[in-house]
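Visitor: Dropping the structure in here first, questions after.
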Amino acid sequence: MDRIIAYPKFTKEMKSTHKILIPNMAPIHFSMLAAALEDEGYTVEVLGSSGHEVAQEGLKYVHNDTCYPALLVIGQFINALKSGRYDLDHTALLITQTGGGCRASNYIHLLRKALVKAGFAQVPVASLNFSGLEKDSGFRFTLPLMKKAIAAIFYGDALMSLANQVRPYENRPGDADRLVAKWTGEVARQFDAGRGTGKKDMAANFAAMAAEFAGVPVTYVPKVKVGVVGEIYVKYSPLGNNGLEQFLAGEGCEVNLPGLMGFVQYCIENTGETIRLYGGSGAVRVGADALQNWLSSREKLMISAIARYPQFHAPTPFKATKAMADGVIGYGNKMGEGWLLTAEMMELVHTGFENIVCAQPFGCLPNHICGKGMINKIRALHPQANITPIDYDPSATRVNQENRIKLMLSVAKERLDRGNPPAGGARARAPLYGQVEAPLTAKVPAYSV
């Protein structure tokens with residue numbers, strides 16, 4: 001019989017004595033989320049370790065049949081603790097938990113077992129969740145921290161969208177990345193000053209971001225447009241998807257990743273949807289709907305700022321994305337990415353990104369059902385949809401993954417060469433050829449920082 005182990009908890013006192021390590025999923029977003037945590041008095045570091053050794057480290061302490069993101073996250077944590085760069089008696093780990101039926105809710109328990117096995121039993125693990133798990137944790141998600149976290153995710157979505165639309169066409173390589181670095185630093189400074197989370201500040205920041213990206217000198221030429229969907233970690237994390245965005249950019253593609261806030265809104269929407277479908281507290285449903293409306297008001301600020309420039313494709317409102325799944329997949333499919341995964345593929349096809357990579361951990365049941373399992377249905381509705389599912393796993397080789405993506409791209413390039421633009425094409429209002437010689441430091445609306 002296994003003995004019961006009393007794992008160390010993250011206490012309130014550790015806020016001032018411990019450095020918290022965070023796995024890096026979405027680099028742009030997490031740099032600002034780290035700044036939000038620092039403002040609340042936490043000392044944090046977003047881990048940047050990557051490569052084959054991280055997966056191998058994870059395989060030592062996690063069964064190879066376990067979800068691939070868990071293996072990578074745990075491997076990244078243990079790789080960092082073994083590096084000798086941290087005081088192990090004053091180091092803690094932070095991991096998210098959705099609280100749903102996905103295996104992701106169990107990562108924290110797998111991590112604690114792995115820490116004991118690796119010889120780091122004294123290292124506490126804190127849970128970042130909205131579902132009431134780990135109630136005895138000293139890590140508190142306060143209202144000020146929540147407002148900064150939400151703002152950081154919206155800012156990250158805006159910067160990711162704008163950079164992905166400018167980077168493939170920029171005349172001076174690196175302009176888009178320099179603006180991303182500038183604005184992540186600017187948002188962190190505003191958080192330090194107690195700004196950047198109010199409606200007025202967010203509207204001004206979105207407007208200034210869009211204006212500066214619109215001012216980058218670019219030359220528009222026909223490019224294959226590729227959307228990326230899938231399991232949330234593998235979708236965004238360069239460690240999880242073997243640098244998928246960079247690979248697609250190297251193949252001459254314009255990439256579209258639906259925003260991270262969409263997943264947050266999906267989780268909140270499911271709270272109300274569960275009650276509508278199966279019954280439950282009316283008060284909880286009203287609260288979930290109110291929070292969703294509040295997020296929608298911020299979402300509109302971002303969308304309207306980007307839509308002001310005809311060369312940009314503005315993100316689709318979450319409610320419109322959800323509607324695209326109506327009649328295609330039931331809203332009761334809400335394990336993991338659930339119906340959102342199907343809805344995002346539909347949205348990408350509708351907006352001209354008919355070439356889609358569906359990135360999924362091998363054996364991820366929600367993704368195999370709501371992602372891979374829905375491809376034929378989507379193709380029946382939209383014959384131009386060119387979708388390829390790619391499994392990510394320690395045993396899957398990068399060459400095999402990239403070769404499968406190249407097969408999908410060969411079809412896309414053939415269509416592009418034949419002059420068949422995507423239906424409802426993104427950037428339809430902008431010329432395909434010609435130079436835009438606006439200065440990098442374009443005039444932007446006045447705002448205070």
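Here, A, B, ... name the chains of the structure tokens in the order displayed, residue numbers run from 1 inside each chain, and ligands are numbered from 1 in the same displayed order.
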According to DSSP computed on the backbone, where in range 16-121 of chain A is there strand (DSSP E or B)? Give the residues as JSON, numbers by chain.
Guide: {"A": [19, 20, 21, 22, 43, 44, 45, 46, 91, 92, 93, 94, 95, 96]}
Visitor: If we count only C-alpha atoms, what is near Asn333 in chain A at a cut-off of 10 Å, once residues fewer than 3 positions away on the same chain are taken out, given as JSON, numbers by chain?
Guide: {"A": [270, 329, 330, 336, 337, 338, 339, 340, 366, 369, 370]}
Visitor: Take CA of Arg140 in chain A and CA of Val54 in chain A and report the distance between them in Å, one decimal.
Guide: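 Computing the Euclidean distance for CA of Arg140 in chain A and CA of Val54 in chain A yields 29.3 Å.
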Visitor: Can you tell me which residues surround range 255-262 of chain A at a distance of at most 10 Å, considering only C-alpha atoms, apart from same-chain residues fewer than 4 positions away, and format the answer as a ChimeraX atom specification?
Guide: /A:26,29,150-158,160-165,167-168,223-230,232,235-236,244-246,248-249,266-268,295,299,313,315-319,321-322,340,344-345,347-348,353,355-356
Visitor: Identify, on the basis of only C-alpha atoms, every residue whose closest approach to range 80-89 of chain A does not exceed 8 Å; exclude the query and any residue fewer than 6 positions from it along the same chain; express the result as a PyMOL selection string.
Guide: chain A and resi 47+49+120+122-123
Visitor: What's the 10 Å shell around Gly198 in chain A, counting only C-alpha atoms, without same-chain residues fewer than 2 positions away, as a list of chain:residue names?
Guide: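 Here the answer would be A:Lys147, A:Lys148, A:Ala151, A:Gly194, A:Arg195, A:Gly196, A:Lys200, A:Asp201, A:Met202, A:Ala203, A:Arg298.
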Visitor: Those same residues - N, CA and C atoms - I'd like them written as an mmCIF file, in the first residue's frame.
Guide:
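Dumped to part_18.cif:
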data_model
loop_
_atom_site.group_PDB
_atom_site.id
_atom_site.type_symbol
_atom_site.label_atom_id
_atom_site.label_comp_id
_atom_site.auth_asym_id
_atom_site.auth_seq_id
_atom_site.Cartn_x
_atom_site.Cartn_y
_atom_site.Cartn_z
ATOM 1 N N LYS A 147 -7.609 41.794 -12.673
ATOM 2 C CA LYS A 147 -7.767 42.842 -13.684
ATOM 3 C C LYS A 147 -6.504 42.989 -14.528
ATOM 4 N N LYS A 148 -5.349 42.888 -13.890
ATOM 5 C CA LYS A 148 -4.093 42.982 -14.646
ATOM 6 C C LYS A 148 -3.901 41.759 -15.543
ATOM 7 N N ALA A 151 -6.159 42.112 -18.547
ATOM 8 C CA ALA A 151 -5.606 43.120 -19.458
ATOM 9 C C ALA A 151 -4.390 42.569 -20.193
ATOM 10 N N GLY A 194 0.103 51.505 -11.654
ATOM 11 C CA GLY A 194 -1.309 51.352 -11.327
ATOM 12 C C GLY A 194 -2.240 51.722 -12.464
ATOM 13 N N ARG A 195 -1.728 51.624 -13.706
ATOM 14 C CA ARG A 195 -2.532 51.982 -14.876
ATOM 15 C C ARG A 195 -2.612 50.793 -15.833
ATOM 16 N N GLY A 196 -3.326 50.986 -16.922
ATOM 17 C CA GLY A 196 -3.332 50.002 -17.991
ATOM 18 C C GLY A 196 -4.462 48.989 -17.937
ATOM 19 N N LYS A 200 -10.542 53.164 -20.294
ATOM 20 C CA LYS A 200 -9.944 54.287 -21.019
ATOM 21 C C LYS A 200 -8.497 53.992 -21.389
ATOM 22 N N ASP A 201 -7.728 53.455 -20.428
ATOM 23 C CA ASP A 201 -6.327 53.126 -20.694
ATOM 24 C C ASP A 201 -6.211 52.035 -21.759
ATOM 25 N N MET A 202 -7.062 51.017 -21.663
ATOM 26 C CA MET A 202 -6.991 49.921 -22.625
ATOM 27 C C MET A 202 -7.348 50.398 -24.029
ATOM 28 N N ALA A 203 -8.356 51.244 -24.138
ATOM 29 C CA ALA A 203 -8.734 51.783 -25.444
ATOM 30 C C ALA A 203 -7.583 52.572 -26.058
ATOM 31 N N ARG A 298 -14.373 44.823 -23.256
ATOM 32 C CA ARG A 298 -12.928 45.018 -23.487
ATOM 33 C C ARG A 298 -12.523 44.477 -24.852
#
Visitor: With range 383-404 of chain A as the partner and 12 Å as the cut-off, tabulate the residues of range 45-151 of chain A that qualify, each row holding the nearest pair of atoms and their distance in Å to one decimal, using only C-alpha atoms, sorted by chain and rising number, as a Markdown table.
Guide:
| residue | atom | partner | partner_atom | distance |
| --- | --- | --- | --- | --- |
| A:Gly51 | CA | A:Pro394 | CA | 11.4 |
| A:His52 | CA | A:Pro394 | CA | 8.9 |
| A:Glu53 | CA | A:Pro394 | CA | 10.8 |
| A:Val54 | CA | A:Pro394 | CA | 10.3 |
| A:Ala55 | CA | A:Pro394 | CA | 6.6 |
| A:Gln56 | CA | A:Pro394 | CA | 8.0 |
| A:Glu57 | CA | A:Pro394 | CA | 11.0 |
| A:Gly58 | CA | A:Pro394 | CA | 9.6 |
| A:Leu59 | CA | A:Pro394 | CA | 8.3 |
| A:Lys60 | CA | A:Pro394 | CA | 11.9 |
| A:Val62 | CA | A:Pro394 | CA | 11.7 |
| A:His63 | CA | A:Pro394 | CA | 11.2 |
| A:Asn64 | CA | A:Pro394 | CA | 7.8 |
| A:Asp65 | CA | A:Asp393 | CA | 9.4 |
| A:Thr66 | CA | A:Asp393 | CA | 9.9 |
| A:Cys67 | CA | A:Asp393 | CA | 8.6 |
| A:Tyr68 | CA | A:Asp393 | CA | 5.8 |
| A:Pro69 | CA | A:Asp393 | CA | 8.9 |
| A:Ala70 | CA | A:Asp393 | CA | 11.0 |
| A:Leu71 | CA | A:Pro394 | CA | 8.9 |
| A:Leu72 | CA | A:Pro394 | CA | 9.2 |
| A:Gly75 | CA | A:Pro394 | CA | 11.7 |
Visitor: Any chance you can output those residues with N, CA and C atoms as a short mmCIF file (atom, residue, chain, number, x, y, z; two decimals), in the first residue's frame?
Guide:
data_model
loop_
_atom_site.label_atom_id
_atom_site.label_comp_id
_atom_site.auth_asym_id
_atom_site.auth_seq_id
_atom_site.Cartn_x
_atom_site.Cartn_y
_atom_site.Cartn_z
N GLY A 51 14.04 22.52 -25.79
CA GLY A 51 14.88 21.54 -26.47
C GLY A 51 14.60 20.11 -26.03
N HIS A 52 15.35 19.21 -26.63
CA HIS A 52 15.15 17.78 -26.44
C HIS A 52 15.34 17.36 -24.99
N GLU A 53 16.24 18.06 -24.28
CA GLU A 53 16.54 17.64 -22.91
C GLU A 53 15.36 17.84 -21.98
N VAL A 54 14.47 18.81 -22.28
CA VAL A 54 13.30 19.03 -21.43
C VAL A 54 12.35 17.83 -21.52
N ALA A 55 12.09 17.37 -22.74
CA ALA A 55 11.22 16.21 -22.91
C ALA A 55 11.83 14.97 -22.27
N GLN A 56 13.13 14.80 -22.42
CA GLN A 56 13.79 13.64 -21.84
C GLN A 56 13.74 13.68 -20.31
N GLU A 57 13.85 14.88 -19.74
CA GLU A 57 13.75 15.03 -18.29
C GLU A 57 12.36 14.65 -17.82
N GLY A 58 11.35 15.09 -18.58
CA GLY A 58 9.98 14.75 -18.23
C GLY A 58 9.71 13.26 -18.30
N LEU A 59 10.31 12.59 -19.28
CA LEU A 59 10.10 11.15 -19.44
C LEU A 59 10.65 10.34 -18.27
N LYS A 60 11.61 10.92 -17.55
CA LYS A 60 12.18 10.21 -16.39
C LYS A 60 11.18 10.13 -15.24
N VAL A 62 7.55 11.10 -15.58
CA VAL A 62 6.13 11.04 -15.98
C VAL A 62 5.98 9.92 -16.98
N HIS A 63 4.95 9.12 -16.83
CA HIS A 63 4.72 8.01 -17.74
C HIS A 63 4.52 8.54 -19.16
N ASN A 64 5.08 7.83 -20.14
CA ASN A 64 5.03 8.34 -21.51
C ASN A 64 3.63 8.33 -22.11
N ASP A 65 2.66 7.68 -21.46
CA ASP A 65 1.28 7.72 -21.92
C ASP A 65 0.54 8.94 -21.37
N THR A 66 1.18 9.68 -20.47
CA THR A 66 0.55 10.87 -19.91
C THR A 66 0.56 11.99 -20.95
N CYS A 67 -0.38 12.90 -20.81
CA CYS A 67 -0.53 14.03 -21.74
C CYS A 67 0.82 14.72 -21.99
N TYR A 68 1.15 14.92 -23.26
CA TYR A 68 2.44 15.49 -23.65
C TYR A 68 2.74 16.84 -22.98
N PRO A 69 1.77 17.78 -22.91
CA PRO A 69 2.07 19.04 -22.22
C PRO A 69 2.49 18.84 -20.76
N ALA A 70 1.87 17.88 -20.06
CA ALA A 70 2.27 17.61 -18.68
C ALA A 70 3.72 17.16 -18.62
N LEU A 71 4.08 16.30 -19.53
CA LEU A 71 5.46 15.80 -19.60
C LEU A 71 6.44 16.95 -19.81
N LEU A 72 6.10 17.88 -20.71
CA LEU A 72 6.99 19.01 -21.01
C LEU A 72 7.07 19.99 -19.85
N GLY A 75 8.94 18.38 -17.06
CA GLY A 75 10.34 18.30 -17.47
C GLY A 75 11.04 19.64 -17.40
#
Visitor: Let's see if you can do this: from backbone DSSP, list all helix (DSSP H, G or I) residues in range 103-261 of chain A, as a PyMOL selection string.
Guide: chain A and resi 103-118+143-169+175-192+199-214+232-236+244-250+260-261
Visitor: I need the chosen residues saved as an mmCIF file, in the first residue's frame, with C-alpha atoms.
Guide:
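Ended up saving to selection.cif:
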data_model
loop_
_atom_site.group_PDB
_atom_site.id
_atom_site.type_symbol
_atom_site.label_atom_id
_atom_site.label_comp_id
_atom_site.auth_asym_id
_atom_site.auth_seq_id
_atom_site.Cartn_x
_atom_site.Cartn_y
_atom_site.Cartn_z
ATOM 1 C CA ARG A 103 -6.157 15.600 -17.699
ATOM 2 C CA ALA A 104 -4.727 19.116 -17.247
ATOM 3 C CA SER A 105 -6.550 19.321 -13.907
ATOM 4 C CA ASN A 106 -4.258 16.547 -12.621
ATOM 5 C CA TYR A 107 -0.936 18.099 -13.668
ATOM 6 C CA ILE A 108 -0.355 19.505 -10.189
ATOM 7 C CA HIS A 109 -0.553 16.045 -8.592
ATOM 8 C CA LEU A 110 1.725 14.542 -11.245
ATOM 9 C CA LEU A 111 4.175 17.373 -10.642
ATOM 10 C CA ARG A 112 4.256 16.839 -6.877
ATOM 11 C CA LYS A 113 4.925 13.119 -7.286
ATOM 12 C CA ALA A 114 7.665 13.884 -9.814
ATOM 13 C CA LEU A 115 9.328 16.385 -7.442
ATOM 14 C CA VAL A 116 9.554 13.757 -4.705
ATOM 15 C CA LYS A 117 10.982 11.212 -7.140
ATOM 16 C CA ALA A 118 13.541 13.737 -8.443
ATOM 17 C CA LEU A 143 -9.240 41.415 -7.825
ATOM 18 C CA PRO A 144 -6.360 43.796 -8.747
ATOM 19 C CA LEU A 145 -4.291 40.832 -9.967
ATOM 20 C CA MET A 146 -7.258 39.486 -11.918
ATOM 21 C CA LYS A 147 -7.767 42.842 -13.684
ATOM 22 C CA LYS A 148 -4.093 42.982 -14.646
ATOM 23 C CA ALA A 149 -4.106 39.361 -15.819
ATOM 24 C CA ILE A 150 -7.154 39.966 -18.030
ATOM 25 C CA ALA A 151 -5.606 43.120 -19.458
ATOM 26 C CA ALA A 152 -2.321 41.274 -20.094
ATOM 27 C CA ILE A 153 -4.134 38.535 -22.038
ATOM 28 C CA PHE A 154 -6.008 41.074 -24.165
ATOM 29 C CA TYR A 155 -2.807 43.036 -24.836
ATOM 30 C CA GLY A 156 -1.023 39.790 -25.697
ATOM 31 C CA ASP A 157 -3.765 38.838 -28.153
ATOM 32 C CA ALA A 158 -3.598 42.252 -29.833
ATOM 33 C CA LEU A 159 0.197 42.206 -30.137
ATOM 34 C CA MET A 160 0.222 38.603 -31.385
ATOM 35 C CA SER A 161 -2.399 39.371 -34.028
ATOM 36 C CA LEU A 162 -0.737 42.575 -35.228
ATOM 37 C CA ALA A 163 2.785 41.117 -35.278
ATOM 38 C CA ASN A 164 1.670 38.030 -37.219
ATOM 39 C CA GLN A 165 0.064 40.276 -39.850
ATOM 40 C CA VAL A 166 3.045 42.597 -40.211
ATOM 41 C CA ARG A 167 6.038 40.266 -39.796
ATOM 42 C CA PRO A 168 5.700 38.372 -43.132
ATOM 43 C CA TYR A 169 5.629 41.625 -45.140
ATOM 44 C CA ASP A 175 10.341 45.794 -36.920
ATOM 45 C CA ALA A 176 7.321 43.825 -35.692
ATOM 46 C CA ASP A 177 9.314 42.071 -32.976
ATOM 47 C CA ARG A 178 10.762 45.399 -31.817
ATOM 48 C CA LEU A 179 7.261 46.796 -31.424
ATOM 49 C CA VAL A 180 6.196 43.707 -29.463
ATOM 50 C CA ALA A 181 9.155 44.198 -27.103
ATOM 51 C CA LYS A 182 8.398 47.899 -26.784
ATOM 52 C CA TRP A 183 4.756 47.338 -25.892
ATOM 53 C CA THR A 184 5.264 44.457 -23.466
ATOM 54 C CA GLY A 185 7.681 46.737 -21.618
ATOM 55 C CA GLU A 186 5.240 49.646 -21.789
ATOM 56 C CA VAL A 187 2.378 47.556 -20.381
ATOM 57 C CA ALA A 188 4.628 46.386 -17.529
ATOM 58 C CA ARG A 189 5.487 50.020 -16.734
ATOM 59 C CA GLN A 190 1.814 50.971 -16.728
ATOM 60 C CA PHE A 191 1.033 48.098 -14.370
ATOM 61 C CA ASP A 192 3.801 49.382 -12.057
ATOM 62 C CA LYS A 199 -11.371 50.888 -20.032
ATOM 63 C CA LYS A 200 -9.944 54.287 -21.019
ATOM 64 C CA ASP A 201 -6.327 53.126 -20.694
ATOM 65 C CA MET A 202 -6.991 49.921 -22.625
ATOM 66 C CA ALA A 203 -8.734 51.783 -25.444
ATOM 67 C CA ALA A 204 -5.805 54.197 -25.727
ATOM 68 C CA ASN A 205 -3.232 51.401 -25.659
ATOM 69 C CA PHE A 206 -5.033 49.326 -28.299
ATOM 70 C CA ALA A 207 -5.324 52.380 -30.550
ATOM 71 C CA ALA A 208 -1.629 53.221 -30.147
ATOM 72 C CA MET A 209 -0.528 49.612 -30.747
ATOM 73 C CA ALA A 210 -2.575 49.328 -33.939
ATOM 74 C CA ALA A 211 -1.363 52.698 -35.221
ATOM 75 C CA GLU A 212 2.298 51.852 -34.691
ATOM 76 C CA PHE A 213 2.019 48.463 -36.372
ATOM 77 C CA ALA A 214 0.110 50.082 -39.249
ATOM 78 C CA ILE A 232 -3.992 25.170 -25.715
ATOM 79 C CA TYR A 233 -0.393 24.425 -24.653
ATOM 80 C CA VAL A 234 0.720 22.802 -27.909
ATOM 81 C CA LYS A 235 -1.064 25.531 -29.875
ATOM 82 C CA TYR A 236 0.917 28.412 -28.358
ATOM 83 C CA LEU A 244 5.614 25.777 -35.383
ATOM 84 C CA GLU A 245 5.149 29.534 -35.927
ATOM 85 C CA GLN A 246 8.812 29.969 -36.828
ATOM 86 C CA PHE A 247 8.653 26.994 -39.205
ATOM 87 C CA LEU A 248 5.567 28.356 -40.977
ATOM 88 C CA ALA A 249 7.191 31.779 -41.264
ATOM 89 C CA GLY A 250 10.231 30.117 -42.835
ATOM 90 C CA LEU A 260 -5.764 33.209 -25.712
ATOM 91 C CA MET A 261 -8.661 35.244 -24.323
#
Visitor: May I ask for the distance between CA of Glu13 in chain A and CA of Tyr61 in chain A, given in Å to one decimal place?
Guide: 29.4 Å
Visitor: For Ser16 in chain A, which residue among A:Arg276, A:Thr91, A:Asn79, A:Met324 is the nearest when counting only C-alpha atoms?
Guide: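 Answer, going by the shortest atom-to-atom distance: A:Thr91.
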Visitor: Just the number, please: distance in Å from CA of Gln292 in chain A to CA of Ile306 in chain A, one decimal.
Guide: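 Between these atoms lies a distance of 21.1 Å.
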